[in-house]
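Participant: Here you go, one structure.
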Amino acid sequence: MAVDNDKKISYRIYLVAFAIFVMAILVTVKLANIQWVEGDYYRQLAKDRTVKNVTIHANRGNVYSADGSLLATSIPNYNIRFDALAPNDKDFNKYLEPLADSLSVMLGESSEYYYSQLKRARAKKNRYLLIARDLSFTEYLRIKSFPLFNRGAFKGGIITEQRTIREHPIGKIAERTIGYERVSFNGENLEVGIEGAFAKYLNGKDGKRLMQKIAKNQWKPISDNNEIEPVDGCDIVSTIDVYIQDIAHHALLKQLEYYEADHGCVVVMETKTGYVKAISNLGRHENGSYYETINYAVGESQEPGSTFKLAGLIALLEDKKVDTSHVYDCHGGEFVIYNRKVRDSKKGGYGKISLARGFELSSNTVLVQAVYENYKDNPQQFVDHLNAFGLNKRLGVCIKGEGKPRIPQPQDKNWSGLSLPWMGFGYGVSMTPLQTLAFYNAVANNGELVRPLFVQEIKEWDRTIKKFDKEVINPKICSQETIDQVRAIMENVVKKGTGSKLYSPNFSMAGKTGTAQVNYGKGKDGMYYSSSFAGYFPADNPQYSCIVVIHKPSISKGYYGADVSGPVFKRIAQKIYTDVPSTNKVKKLDGQIKEQDKLYASYYDKEAKVKNVVPNIIGMSGMDAVALLGNMGLKVKVIGIGKVKKQSLQPGEAIYKDQTIILELS
């Protein structure tokens, strides 16, 4: 019996041993298969799960003003973390206390705080401890030199996370026109302003960097060197002049605040080139403050009102339908057509006045009669002029979102007997402020209609990639005889017409006031006024054209274009030019300024002496420093505005090709 039991036990042992042997063979076969047959697949899979190529976004190019000031720039921003397991025990214990002291001095917390944080991270095997956020490049260099951290990523445990942020050194001024490029929450690519329109130039080529997984959703660089270095984008030189921009912005803001208006815009354009030297768009926030929110000048297409009367006057004179001296009866300030009343702003009207005087006083009854009587039998002739002026088409500016103009056509289904007379005083049509300005600029420019430009050059350091010169849309919108006539009349608008409050015997301006009812027919609550002024200066030799539009001013304080928008126009003109009309020169253009001469001499003294080493530029103006260093072959990144406070490369250091220097201004 005992023998049988021993045999059964032996059989079971042999069976188990055989099973283990078979399993061992299977495991060996599987391991061999993994090693030699499927090994590459699994090794790649493991690598993919622990190592990945991370995109390093290239720095966007800078956006500059026409005078060299920074409007937008990319600033490097750093987060610092600590891999507590990277240093060996000897280094960690040796440098822990001095590292905590250094962090305390720089970041503000006590030494004990950082000592305990680092110690706890080591004990808990934390490989991703956050040390500091949002450091500048200078701060990053400083923290990188601290005890232990100065031993690098592998021996010191320092982990650097770099990203770039977009800064606007001049603040919120012209923010909407400078614009941005970003992805919205629903994945839509938003391209706004200059940044959006020229994104393909501003965006450089992204680089790649190998990152290793060290914990759940936590990655660190494998080395300090990038696998593929990013290439920075090109720089954009805009047409904006910071000095004129500042004047326009604050002049508009002052009027908006006083009249408690809903929103407004101002554009200043160089007459001959079409370069937009200033553009400000301000909308009222619910707290009463004004911000750049919507580009009203480019995108808001509405009935312009009386500023549109210029188009009708030019058409009449060009067709020689009537002379400027032709007299019209204002009919007591009320003209009835198709049972609809056209009223003058002055109760009782202006009596019997000439067409020219009717324009100067912005008489609705005079301009409506002139247009209706001369074109009622052939309205297409009138509309053909408006189309030839380019008023029915977008200007085709580079900034996206340009509003669509509307000029009624006789063949349209909604054309009626009121369409023609209503166009006579700027209703039933639709235009953006920029489109209106371009038309007025053509008159100032002796009939040459030019496209408004926001960018004059694209540069790759000191090399011009593309240059934007004047773009002519229409070389002559009408005859020179007509141009001369309407320019004389618009000068009289300021001298003795609706803009007489703006007149100064020491400075010449020309233009047209506008006061339009918006949302008329929708009751008192829906209807509001839009006040505008469009013109140019100096009147005899126009250098700049300008339009100001202010929506929904407080009626209790005033709403006429001459009162609300006109003063903005006048302030801009007087600030740009002297009070002596005969010179037509920028103030102090020919005079010597001691401070400027001193800075000029300082710049060229440094430029002449220093060629192969980094100069000491502390205290130098930002613009001069950028020019000096750029000419020496350095890449320059600027933080802030004003004079140089700090420089990342120390004076006396050797200069290497394509080296970057960071300047902090204050």
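FYI, nothing fancy with the structure tokens labels: chains A, B, ... in order, residues from 1 per chain, ligands from 1 as they appear.
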Skipping near chain neighbours, those fewer than 4 positions away, what residues fall within 7 Å of range 300-316 of chain A using only C-alpha atoms, listed as a list in words?

Facilitator: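 What passes the distance filter is Tyr296, Lys320, Lys321, Val322, Ser362, Val371, Phe382, His385, Leu386, Gly403, Lys404, Pro405, Gly424, Phe425, Gly426, Tyr427, Gly428, Val429, Ser430, Met431, Thr432, Thr482, Lys512, Thr513, Gly514, Thr515, Ala516 and Ala534 of chain A.
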
Participant: Could you find all residues in range 276-511 of chain A that DSSP calls strand (DSSP E) from the backbone, and write them as number ranges by chain?

Facilitator: A: 276-284, 290-291, 327-329, 334-337, 340-343, 352-354, 449-450, 455-460, 463-467, 472-474, 510-511

Participant: Considering only alpha helix (DSSP H) as DSSP defines it on the backbone, what residues of range 298-544 of chain A qualify? List them as a compact mmCIF listing (two decimals) with N, CA, C and O atoms, in the first residue's frame.

Facilitator:
# COMPACT_ATOMS: atom_id res chain seq x y z
N VAL A 298 -11.87 99.81 -39.31
CA VAL A 298 -11.74 98.89 -40.44
C VAL A 298 -13.01 98.09 -40.67
O VAL A 298 -13.39 97.84 -41.81
N GLY A 299 -13.70 97.70 -39.59
CA GLY A 299 -14.78 96.74 -39.73
C GLY A 299 -16.19 97.25 -39.63
O GLY A 299 -17.13 96.56 -40.05
N LYS A 309 -21.63 113.66 -48.40
CA LYS A 309 -22.06 114.71 -49.32
C LYS A 309 -20.95 115.11 -50.29
O LYS A 309 -21.22 115.62 -51.38
N LEU A 310 -19.72 114.87 -49.90
CA LEU A 310 -18.59 115.19 -50.78
C LEU A 310 -18.69 114.42 -52.09
O LEU A 310 -18.39 114.96 -53.16
N ALA A 311 -19.10 113.16 -52.02
CA ALA A 311 -19.22 112.34 -53.23
C ALA A 311 -20.26 112.91 -54.18
O ALA A 311 -20.05 112.98 -55.40
N GLY A 312 -21.41 113.34 -53.62
CA GLY A 312 -22.45 113.94 -54.45
C GLY A 312 -22.01 115.24 -55.08
O GLY A 312 -22.29 115.51 -56.26
N LEU A 313 -21.30 116.06 -54.31
CA LEU A 313 -20.82 117.34 -54.83
C LEU A 313 -19.84 117.13 -55.98
O LEU A 313 -19.92 117.81 -57.01
N ILE A 314 -18.93 116.18 -55.83
CA ILE A 314 -17.96 115.91 -56.90
C ILE A 314 -18.66 115.42 -58.16
O ILE A 314 -18.32 115.83 -59.29
N ALA A 315 -19.64 114.53 -58.01
CA ALA A 315 -20.38 114.03 -59.17
C ALA A 315 -21.07 115.16 -59.91
O ALA A 315 -21.02 115.24 -61.15
N LEU A 316 -21.72 116.06 -59.17
CA LEU A 316 -22.42 117.19 -59.78
C LEU A 316 -21.46 118.10 -60.55
O LEU A 316 -21.74 118.52 -61.68
N LEU A 317 -20.32 118.39 -59.94
CA LEU A 317 -19.36 119.29 -60.59
C LEU A 317 -18.67 118.61 -61.77
O LEU A 317 -18.40 119.24 -62.80
N GLU A 318 -18.40 117.32 -61.64
CA GLU A 318 -17.72 116.59 -62.71
C GLU A 318 -18.61 116.50 -63.95
O GLU A 318 -18.12 116.57 -65.08
N LEU A 355 -24.97 126.46 -53.82
CA LEU A 355 -24.61 125.07 -53.58
C LEU A 355 -23.36 124.98 -52.70
O LEU A 355 -23.31 124.16 -51.78
N ALA A 356 -22.36 125.83 -52.99
CA ALA A 356 -21.13 125.81 -52.19
C ALA A 356 -21.42 126.15 -50.73
O ALA A 356 -20.93 125.48 -49.81
N ARG A 357 -22.27 127.19 -50.53
CA ARG A 357 -22.61 127.57 -49.16
C ARG A 357 -23.44 126.48 -48.48
O ARG A 357 -23.29 126.24 -47.27
N GLY A 358 -24.27 125.80 -49.26
CA GLY A 358 -25.06 124.71 -48.71
C GLY A 358 -24.17 123.58 -48.20
O GLY A 358 -24.44 122.97 -47.16
N PHE A 359 -23.08 123.32 -48.93
CA PHE A 359 -22.13 122.29 -48.48
C PHE A 359 -21.40 122.76 -47.22
O PHE A 359 -21.21 121.98 -46.28
N GLU A 360 -20.98 124.00 -47.22
CA GLU A 360 -20.26 124.54 -46.06
C GLU A 360 -21.09 124.48 -44.79
O GLU A 360 -20.57 124.21 -43.71
N ASN A 364 -28.92 119.77 -45.61
CA ASN A 364 -29.49 118.57 -46.21
C ASN A 364 -30.42 118.90 -47.37
O ASN A 364 -30.41 118.24 -48.41
N THR A 365 -31.21 119.95 -47.19
CA THR A 365 -32.19 120.30 -48.22
C THR A 365 -31.51 120.72 -49.52
O THR A 365 -31.97 120.38 -50.61
N VAL A 366 -30.40 121.45 -49.43
CA VAL A 366 -29.69 121.91 -50.62
C VAL A 366 -29.08 120.74 -51.37
O VAL A 366 -29.25 120.59 -52.59
N LEU A 367 -28.35 119.87 -50.67
CA LEU A 367 -27.67 118.76 -51.34
C LEU A 367 -28.66 117.74 -51.90
O LEU A 367 -28.44 117.18 -52.97
N VAL A 368 -29.77 117.51 -51.19
CA VAL A 368 -30.76 116.56 -51.69
C VAL A 368 -31.42 117.10 -52.95
O VAL A 368 -31.60 116.36 -53.95
N GLN A 369 -31.76 118.38 -52.95
CA GLN A 369 -32.35 118.98 -54.15
C GLN A 369 -31.39 118.91 -55.33
O GLN A 369 -31.79 118.57 -56.45
N ALA A 370 -30.12 119.24 -55.08
CA ALA A 370 -29.13 119.27 -56.16
C ALA A 370 -28.98 117.89 -56.78
O ALA A 370 -28.97 117.75 -58.02
N VAL A 371 -28.87 116.86 -55.97
CA VAL A 371 -28.69 115.50 -56.49
C VAL A 371 -29.97 115.02 -57.17
O VAL A 371 -29.93 114.47 -58.28
N TYR A 372 -31.10 115.21 -56.52
CA TYR A 372 -32.36 114.67 -57.05
C TYR A 372 -32.76 115.34 -58.36
O TYR A 372 -33.10 114.66 -59.34
N GLU A 373 -32.69 116.67 -58.40
CA GLU A 373 -33.13 117.39 -59.60
C GLU A 373 -32.26 117.07 -60.82
O GLU A 373 -32.75 117.02 -61.95
N ASN A 374 -30.98 116.83 -60.60
CA ASN A 374 -30.07 116.63 -61.73
C ASN A 374 -29.91 115.18 -62.15
O ASN A 374 -29.38 114.91 -63.24
N TYR A 375 -30.34 114.23 -61.30
CA TYR A 375 -30.13 112.82 -61.65
C TYR A 375 -31.41 111.97 -61.57
O TYR A 375 -31.34 110.76 -61.77
N PRO A 379 -30.67 108.07 -62.68
CA PRO A 379 -29.93 107.82 -61.43
C PRO A 379 -28.68 106.98 -61.64
O PRO A 379 -27.74 107.07 -60.86
N GLN A 380 -28.67 106.17 -62.72
CA GLN A 380 -27.51 105.33 -62.97
C GLN A 380 -26.25 106.18 -63.20
O GLN A 380 -25.14 105.78 -62.82
N GLN A 381 -26.44 107.37 -63.80
CA GLN A 381 -25.31 108.25 -64.05
C GLN A 381 -24.65 108.67 -62.74
O GLN A 381 -23.43 108.72 -62.63
N PHE A 382 -25.49 108.97 -61.75
CA PHE A 382 -24.97 109.35 -60.43
C PHE A 382 -24.27 108.17 -59.75
O PHE A 382 -23.16 108.29 -59.24
N VAL A 383 -24.93 107.02 -59.78
CA VAL A 383 -24.37 105.83 -59.13
C VAL A 383 -23.08 105.39 -59.81
O VAL A 383 -22.15 104.91 -59.15
N ASP A 384 -22.99 105.57 -61.14
CA ASP A 384 -21.76 105.22 -61.86
C ASP A 384 -20.57 106.01 -61.32
O ASP A 384 -19.44 105.50 -61.26
N HIS A 385 -20.81 107.27 -60.94
CA HIS A 385 -19.74 108.07 -60.35
C HIS A 385 -19.29 107.48 -59.02
O HIS A 385 -18.09 107.35 -58.76
N LEU A 386 -20.25 107.12 -58.19
CA LEU A 386 -19.92 106.55 -56.89
C LEU A 386 -19.12 105.26 -57.06
O LEU A 386 -18.16 105.00 -56.32
N ASN A 387 -19.54 104.45 -58.05
CA ASN A 387 -18.80 103.21 -58.32
C ASN A 387 -17.40 103.50 -58.83
O ASN A 387 -16.43 102.81 -58.46
N ALA A 388 -17.28 104.53 -59.68
CA ALA A 388 -15.97 104.89 -60.23
C ALA A 388 -15.04 105.43 -59.14
O ALA A 388 -13.81 105.26 -59.22
N SER A 419 -34.27 106.30 -52.88
CA SER A 419 -32.87 105.87 -52.85
C SER A 419 -31.92 106.97 -53.30
O SER A 419 -30.91 107.24 -52.64
N LEU A 420 -32.23 107.62 -54.42
CA LEU A 420 -31.36 108.66 -54.95
C LEU A 420 -31.28 109.87 -54.03
O LEU A 420 -30.17 110.27 -53.64
N PRO A 421 -32.41 110.50 -53.64
CA PRO A 421 -32.30 111.67 -52.77
C PRO A 421 -31.68 111.35 -51.41
O PRO A 421 -30.98 112.18 -50.83
N TRP A 422 -31.94 110.16 -50.91
CA TRP A 422 -31.38 109.79 -49.60
C TRP A 422 -29.85 109.68 -49.66
O TRP A 422 -29.16 110.02 -48.72
N MET A 423 -29.33 109.22 -50.81
CA MET A 423 -27.88 109.18 -50.97
C MET A 423 -27.29 110.59 -50.99
O MET A 423 -26.12 110.77 -50.64
N GLY A 424 -28.09 111.57 -51.38
CA GLY A 424 -27.62 112.95 -51.44
C GLY A 424 -27.12 113.48 -50.11
O GLY A 424 -26.27 114.38 -50.07
N PRO A 433 -15.31 103.85 -41.60
CA PRO A 433 -14.53 105.10 -41.47
C PRO A 433 -13.28 105.10 -42.34
O PRO A 433 -12.94 106.14 -42.92
N LEU A 434 -12.60 103.97 -42.46
CA LEU A 434 -11.39 103.92 -43.27
C LEU A 434 -11.69 104.11 -44.75
O LEU A 434 -10.92 104.75 -45.47
N GLN A 435 -12.82 103.60 -45.22
CA GLN A 435 -13.21 103.78 -46.61
C GLN A 435 -13.54 105.24 -46.89
O GLN A 435 -13.18 105.79 -47.94
N THR A 436 -14.21 105.88 -45.95
CA THR A 436 -14.51 107.31 -46.08
C THR A 436 -13.22 108.12 -46.09
O THR A 436 -13.05 109.04 -46.91
N LEU A 437 -12.30 107.78 -45.20
CA LEU A 437 -11.03 108.50 -45.13
C LEU A 437 -10.24 108.37 -46.43
O LEU A 437 -9.66 109.35 -46.91
N ALA A 438 -10.22 107.18 -47.01
CA ALA A 438 -9.48 106.97 -48.25
C ALA A 438 -10.01 107.88 -49.36
O ALA A 438 -9.23 108.40 -50.18
N PHE A 439 -11.33 108.09 -49.39
CA PHE A 439 -11.94 108.96 -50.39
C PHE A 439 -11.52 110.42 -50.16
O PHE A 439 -11.14 111.13 -51.10
N TYR A 440 -11.58 110.87 -48.91
CA TYR A 440 -11.15 112.23 -48.60
C TYR A 440 -9.67 112.41 -48.87
O TYR A 440 -9.22 113.47 -49.32
N ASN A 441 -8.89 111.38 -48.59
CA ASN A 441 -7.46 111.44 -48.85
C ASN A 441 -7.18 111.60 -50.35
O ASN A 441 -6.22 112.26 -50.74
N ALA A 442 -8.03 110.99 -51.19
CA ALA A 442 -7.86 111.13 -52.63
C ALA A 442 -8.03 112.58 -53.07
O ALA A 442 -7.32 113.08 -53.94
N VAL A 443 -8.99 113.27 -52.46
CA VAL A 443 -9.19 114.70 -52.77
C VAL A 443 -7.96 115.49 -52.33
O VAL A 443 -7.47 116.36 -53.06
N ALA A 444 -7.45 115.19 -51.15
CA ALA A 444 -6.25 115.88 -50.66
C ALA A 444 -5.04 115.57 -51.52
O ALA A 444 -4.12 116.39 -51.64
N GLN A 480 -8.92 117.68 -62.27
CA GLN A 480 -8.23 118.58 -61.35
C GLN A 480 -9.07 119.82 -61.06
O GLN A 480 -9.03 120.37 -59.95
N GLU A 481 -9.85 120.25 -62.05
CA GLU A 481 -10.72 121.42 -61.86
C GLU A 481 -11.71 121.16 -60.72
O GLU A 481 -11.93 122.01 -59.85
N THR A 482 -12.30 119.97 -60.73
CA THR A 482 -13.25 119.62 -59.67
C THR A 482 -12.54 119.50 -58.33
O THR A 482 -13.06 119.96 -57.30
N ILE A 483 -11.36 118.89 -58.33
CA ILE A 483 -10.58 118.76 -57.09
C ILE A 483 -10.32 120.14 -56.48
O ILE A 483 -10.50 120.35 -55.27
N ASP A 484 -9.89 121.08 -57.30
CA ASP A 484 -9.58 122.42 -56.81
C ASP A 484 -10.82 123.09 -56.22
O ASP A 484 -10.73 123.79 -55.19
N GLN A 485 -11.97 122.88 -56.85
CA GLN A 485 -13.20 123.50 -56.37
C GLN A 485 -13.62 122.95 -55.00
O GLN A 485 -13.92 123.71 -54.08
N VAL A 486 -13.64 121.63 -54.88
CA VAL A 486 -14.12 121.04 -53.63
C VAL A 486 -13.11 121.27 -52.49
O VAL A 486 -13.51 121.39 -51.32
N ARG A 487 -11.82 121.36 -52.81
CA ARG A 487 -10.84 121.64 -51.77
C ARG A 487 -11.02 123.05 -51.22
O ARG A 487 -10.90 123.27 -50.00
N ALA A 488 -11.34 123.99 -52.09
CA ALA A 488 -11.60 125.36 -51.63
C ALA A 488 -12.85 125.41 -50.76
O ALA A 488 -12.88 126.10 -49.73
N ILE A 489 -13.87 124.64 -51.15
CA ILE A 489 -15.12 124.62 -50.36
C ILE A 489 -14.89 123.97 -49.00
O ILE A 489 -15.39 124.45 -47.97
N MET A 490 -14.10 122.88 -48.96
CA MET A 490 -13.86 122.21 -47.68
C MET A 490 -13.00 123.07 -46.75
O MET A 490 -13.13 122.98 -45.52
N GLU A 491 -12.15 123.89 -47.32
CA GLU A 491 -11.39 124.82 -46.48
C GLU A 491 -12.33 125.84 -45.86
O GLU A 491 -12.17 126.24 -44.70
N ASN A 492 -13.35 126.25 -46.62
CA ASN A 492 -14.34 127.20 -46.10
C ASN A 492 -15.25 126.57 -45.05
O ASN A 492 -15.84 127.28 -44.24
N VAL A 493 -15.40 125.23 -45.09
CA VAL A 493 -16.19 124.56 -44.04
C VAL A 493 -15.60 124.89 -42.68
O VAL A 493 -16.32 125.13 -41.70
N VAL A 494 -14.27 124.90 -42.61
CA VAL A 494 -13.59 125.19 -41.35
C VAL A 494 -13.52 126.70 -41.09
O VAL A 494 -13.64 127.14 -39.94
N LYS A 495 -13.37 127.47 -42.13
CA LYS A 495 -13.26 128.91 -41.95
C LYS A 495 -14.58 129.56 -41.56
O LYS A 495 -14.64 130.40 -40.65
N LYS A 496 -15.66 129.15 -42.25
CA LYS A 496 -16.93 129.87 -42.02
C LYS A 496 -18.16 128.97 -42.12
O LYS A 496 -19.27 129.47 -42.27
N GLY A 523 -37.58 104.16 -32.95
CA GLY A 523 -37.97 104.79 -31.70
C GLY A 523 -36.82 105.52 -31.05
O GLY A 523 -35.66 105.37 -31.43
N LYS A 524 -37.12 106.30 -30.03
CA LYS A 524 -36.10 107.09 -29.35
C LYS A 524 -35.06 106.22 -28.66
O LYS A 524 -33.89 106.59 -28.57
N ASP A 525 -35.48 105.07 -28.16
CA ASP A 525 -34.54 104.21 -27.45
C ASP A 525 -33.55 103.55 -28.40
O ASP A 525 -32.40 103.28 -28.02
N GLY A 526 -33.99 103.27 -29.64
CA GLY A 526 -33.12 102.60 -30.59
C GLY A 526 -32.23 103.54 -31.36
O GLY A 526 -31.09 103.21 -31.68

Participant: Counting only C-alpha atoms, which residue out of A:Ala248, A:Arg120, A:Gly171, A:Lys413 sits closest to Gln574 in chain A?

Facilitator: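 The closest residue to Gln574 in chain A is A:Ala248.
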
Participant: Point out the residue among A:Ile662, A:Ile131, A:Ile473, A:Leu252 with the least atom-to-atom distance to Tyr78 in chain A, counting only C-alpha atoms.

Facilitator: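 So, comparing all the options, the nearest one is A:Ile131.
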
Participant: Tell me which protein, DNA and RNA residues are within 7 Å of Leu85 in chain A, counting only C-alpha atoms, leaving out same-chain ones fewer than 6 positions away, and put them as a PyMOL selection string.

Facilitator: chain A and resi 122+125+127

Participant: For a test of reading the model, state the distance in Å between CA of Ala261 in chain A and CA of Gly535 in chain A, rounded to one decimal.

Facilitator: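 Computed distance, CA of Ala261 in chain A to CA of Gly535 in chain A, equals 21.8 Å.
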
Participant: Give me, as a list in words, all polymer residues having an atom no more than 8 Å from range 452-466 of chain A, counting only C-alpha atoms and skipping those fewer than 2 positions away in the same chain.

Facilitator: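 Near range 452-466 of chain A, the qualifying residues are Ala66, Ile194, Tyr201, Gly233, Cys234, Asp235, Ile236, Val237, Ser238, Thr239, Ile240, Met269, Gly274, Tyr275, Val276, Leu395, Val397, Cys398, Ala438, Val450, Phe468, Asp469, Lys470, Gly630 and Lys635 of chain A.
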
Participant: Generate a file of the selected residues that holds N, CA, C and O atoms, formatted as a JSON list (two decimals), in the first residue's frame.

Facilitator:
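Below you can see result.json, which holds the result:
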[["chain", "number", "residue", "atom", "x", "y", "z"],
["A", 66, "ALA", "N", 6.98, 102.77, -37.20],
["A", 66, "ALA", "CA", 7.78, 103.37, -38.27],
["A", 66, "ALA", "C", 9.02, 104.06, -37.72],
["A", 66, "ALA", "O", 10.03, 104.18, -38.40],
["A", 194, "ILE", "N", -2.33, 93.27, -37.58],
["A", 194, "ILE", "CA", -1.06, 93.05, -38.27],
["A", 194, "ILE", "C", -0.48, 91.69, -37.94],
["A", 194, "ILE", "O", 0.03, 90.98, -38.81],
["A", 201, "TYR", "N", 4.97, 85.39, -41.95],
["A", 201, "TYR", "CA", 6.30, 85.97, -41.83],
["A", 201, "TYR", "C", 6.77, 86.00, -40.38],
["A", 201, "TYR", "O", 7.94, 85.76, -40.08],
["A", 233, "GLY", "N", 11.07, 84.09, -36.31],
["A", 233, "GLY", "CA", 10.36, 84.69, -37.42],
["A", 233, "GLY", "C", 10.93, 86.03, -37.82],
["A", 233, "GLY", "O", 11.80, 86.60, -37.15],
["A", 234, "CYS", "N", 10.44, 86.55, -38.94],
["A", 234, "CYS", "CA", 10.88, 87.86, -39.44],
["A", 234, "CYS", "C", 10.22, 88.97, -38.63],
["A", 234, "CYS", "O", 9.20, 88.78, -37.98],
["A", 235, "ASP", "N", 10.79, 90.16, -38.72],
["A", 235, "ASP", "CA", 10.24, 91.33, -38.06],
["A", 235, "ASP", "C", 9.37, 92.13, -39.03],
["A", 235, "ASP", "O", 9.64, 92.16, -40.24],
["A", 236, "ILE", "N", 8.34, 92.76, -38.48],
["A", 236, "ILE", "CA", 7.44, 93.59, -39.27],
["A", 236, "ILE", "C", 7.62, 95.05, -38.86],
["A", 236, "ILE", "O", 7.54, 95.38, -37.68],
["A", 237, "VAL", "N", 7.88, 95.90, -39.82],
["A", 237, "VAL", "CA", 7.95, 97.35, -39.57],
["A", 237, "VAL", "C", 6.64, 97.95, -40.03],
["A", 237, "VAL", "O", 6.34, 97.98, -41.22],
["A", 238, "SER", "N", 5.84, 98.39, -39.08],
["A", 238, "SER", "CA", 4.52, 98.94, -39.41],
["A", 238, "SER", "C", 4.65, 100.40, -39.84],
["A", 238, "SER", "O", 5.73, 101.00, -39.77],
["A", 239, "THR", "N", 3.54, 100.97, -40.25],
["A", 239, "THR", "CA", 3.51, 102.38, -40.64],
["A", 239, "THR", "C", 3.18, 103.28, -39.46],
["A", 239, "THR", "O", 3.22, 104.50, -39.57],
["A", 240, "ILE", "N", 2.84, 102.68, -38.32],
["A", 240, "ILE", "CA", 2.40, 103.45, -37.15],
["A", 240, "ILE", "C", 3.54, 104.32, -36.62],
["A", 240, "ILE", "O", 4.67, 103.86, -36.46],
["A", 269, "MET", "N", -3.72, 109.29, -41.64],
["A", 269, "MET", "CA", -3.05, 108.66, -42.78],
["A", 269, "MET", "C", -2.16, 109.67, -43.49],
["A", 269, "MET", "O", -2.52, 110.84, -43.63],
["A", 274, "GLY", "N", -0.41, 106.76, -48.28],
["A", 274, "GLY", "CA", -1.46, 105.91, -47.73],
["A", 274, "GLY", "C", -1.04, 105.20, -46.46],
["A", 274, "GLY", "O", -1.78, 104.37, -45.92],
["A", 275, "TYR", "N", 0.15, 105.51, -45.93],
["A", 275, "TYR", "CA", 0.62, 104.90, -44.68],
["A", 275, "TYR", "C", -0.26, 105.37, -43.52],
["A", 275, "TYR", "O", -0.42, 106.57, -43.29],
["A", 276, "VAL", "N", -0.81, 104.43, -42.80],
["A", 276, "VAL", "CA", -1.61, 104.75, -41.62],
["A", 276, "VAL", "C", -0.66, 105.04, -40.47],
["A", 276, "VAL", "O", 0.03, 104.14, -39.98],
["A", 395, "LEU", "N", -11.59, 98.26, -49.75],
["A", 395, "LEU", "CA", -10.27, 98.80, -50.10],
["A", 395, "LEU", "C", -9.24, 97.70, -50.30],
["A", 395, "LEU", "O", -8.22, 97.90, -50.95],
["A", 397, "VAL", "N", -7.55, 96.16, -47.70],
["A", 397, "VAL", "CA", -6.44, 96.34, -46.77],
["A", 397, "VAL", "C", -5.98, 95.00, -46.23],
["A", 397, "VAL", "O", -6.71, 94.00, -46.29],
["A", 398, "CYS", "N", -4.76, 94.96, -45.69],
["A", 398, "CYS", "CA", -4.18, 93.69, -45.24],
["A", 398, "CYS", "C", -4.87, 93.14, -44.01],
["A", 398, "CYS", "O", -4.92, 91.92, -43.80],
["A", 438, "ALA", "N", -10.22, 107.18, -47.01],
["A", 438, "ALA", "CA", -9.48, 106.97, -48.25],
["A", 438, "ALA", "C", -10.01, 107.88, -49.36],
["A", 438, "ALA", "O", -9.23, 108.40, -50.18],
["A", 450, "VAL", "N", -5.31, 106.08, -53.03],
["A", 450, "VAL", "CA", -4.31, 105.08, -52.64],
["A", 450, "VAL", "C", -4.87, 104.17, -51.56],
["A", 450, "VAL", "O", -5.75, 104.57, -50.79],
["A", 468, "PHE", "N", 6.72, 97.49, -48.85],
["A", 468, "PHE", "CA", 5.39, 97.87, -49.30],
["A", 468, "PHE", "C", 5.38, 99.36, -49.62],
["A", 468, "PHE", "O", 5.42, 100.21, -48.72],
["A", 469, "ASP", "N", 5.35, 99.66, -50.89],
["A", 469, "ASP", "CA", 5.29, 101.05, -51.32],
["A", 469, "ASP", "C", 3.85, 101.43, -51.63],
["A", 469, "ASP", "O", 2.94, 100.61, -51.55],
["A", 470, "LYS", "N", 3.65, 102.67, -52.00],
["A", 470, "LYS", "CA", 2.32, 103.19, -52.30],
["A", 470, "LYS", "C", 1.59, 102.31, -53.31],
["A", 470, "LYS", "O", 2.16, 101.91, -54.32],
["A", 630, "GLY", "N", 22.73, 95.55, -33.00],
["A", 630, "GLY", "CA", 22.38, 94.91, -34.27],
["A", 630, "GLY", "C", 23.48, 95.08, -35.31],
["A", 630, "GLY", "O", 23.80, 94.15, -36.05],
["A", 635, "LYS", "N", 21.92, 89.39, -31.98],
["A", 635, "LYS", "CA", 20.47, 89.36, -31.98],
["A", 635, "LYS", "C", 19.99, 89.97, -30.68],
["A", 635, "LYS", "O", 20.47, 89.62, -29.60]]
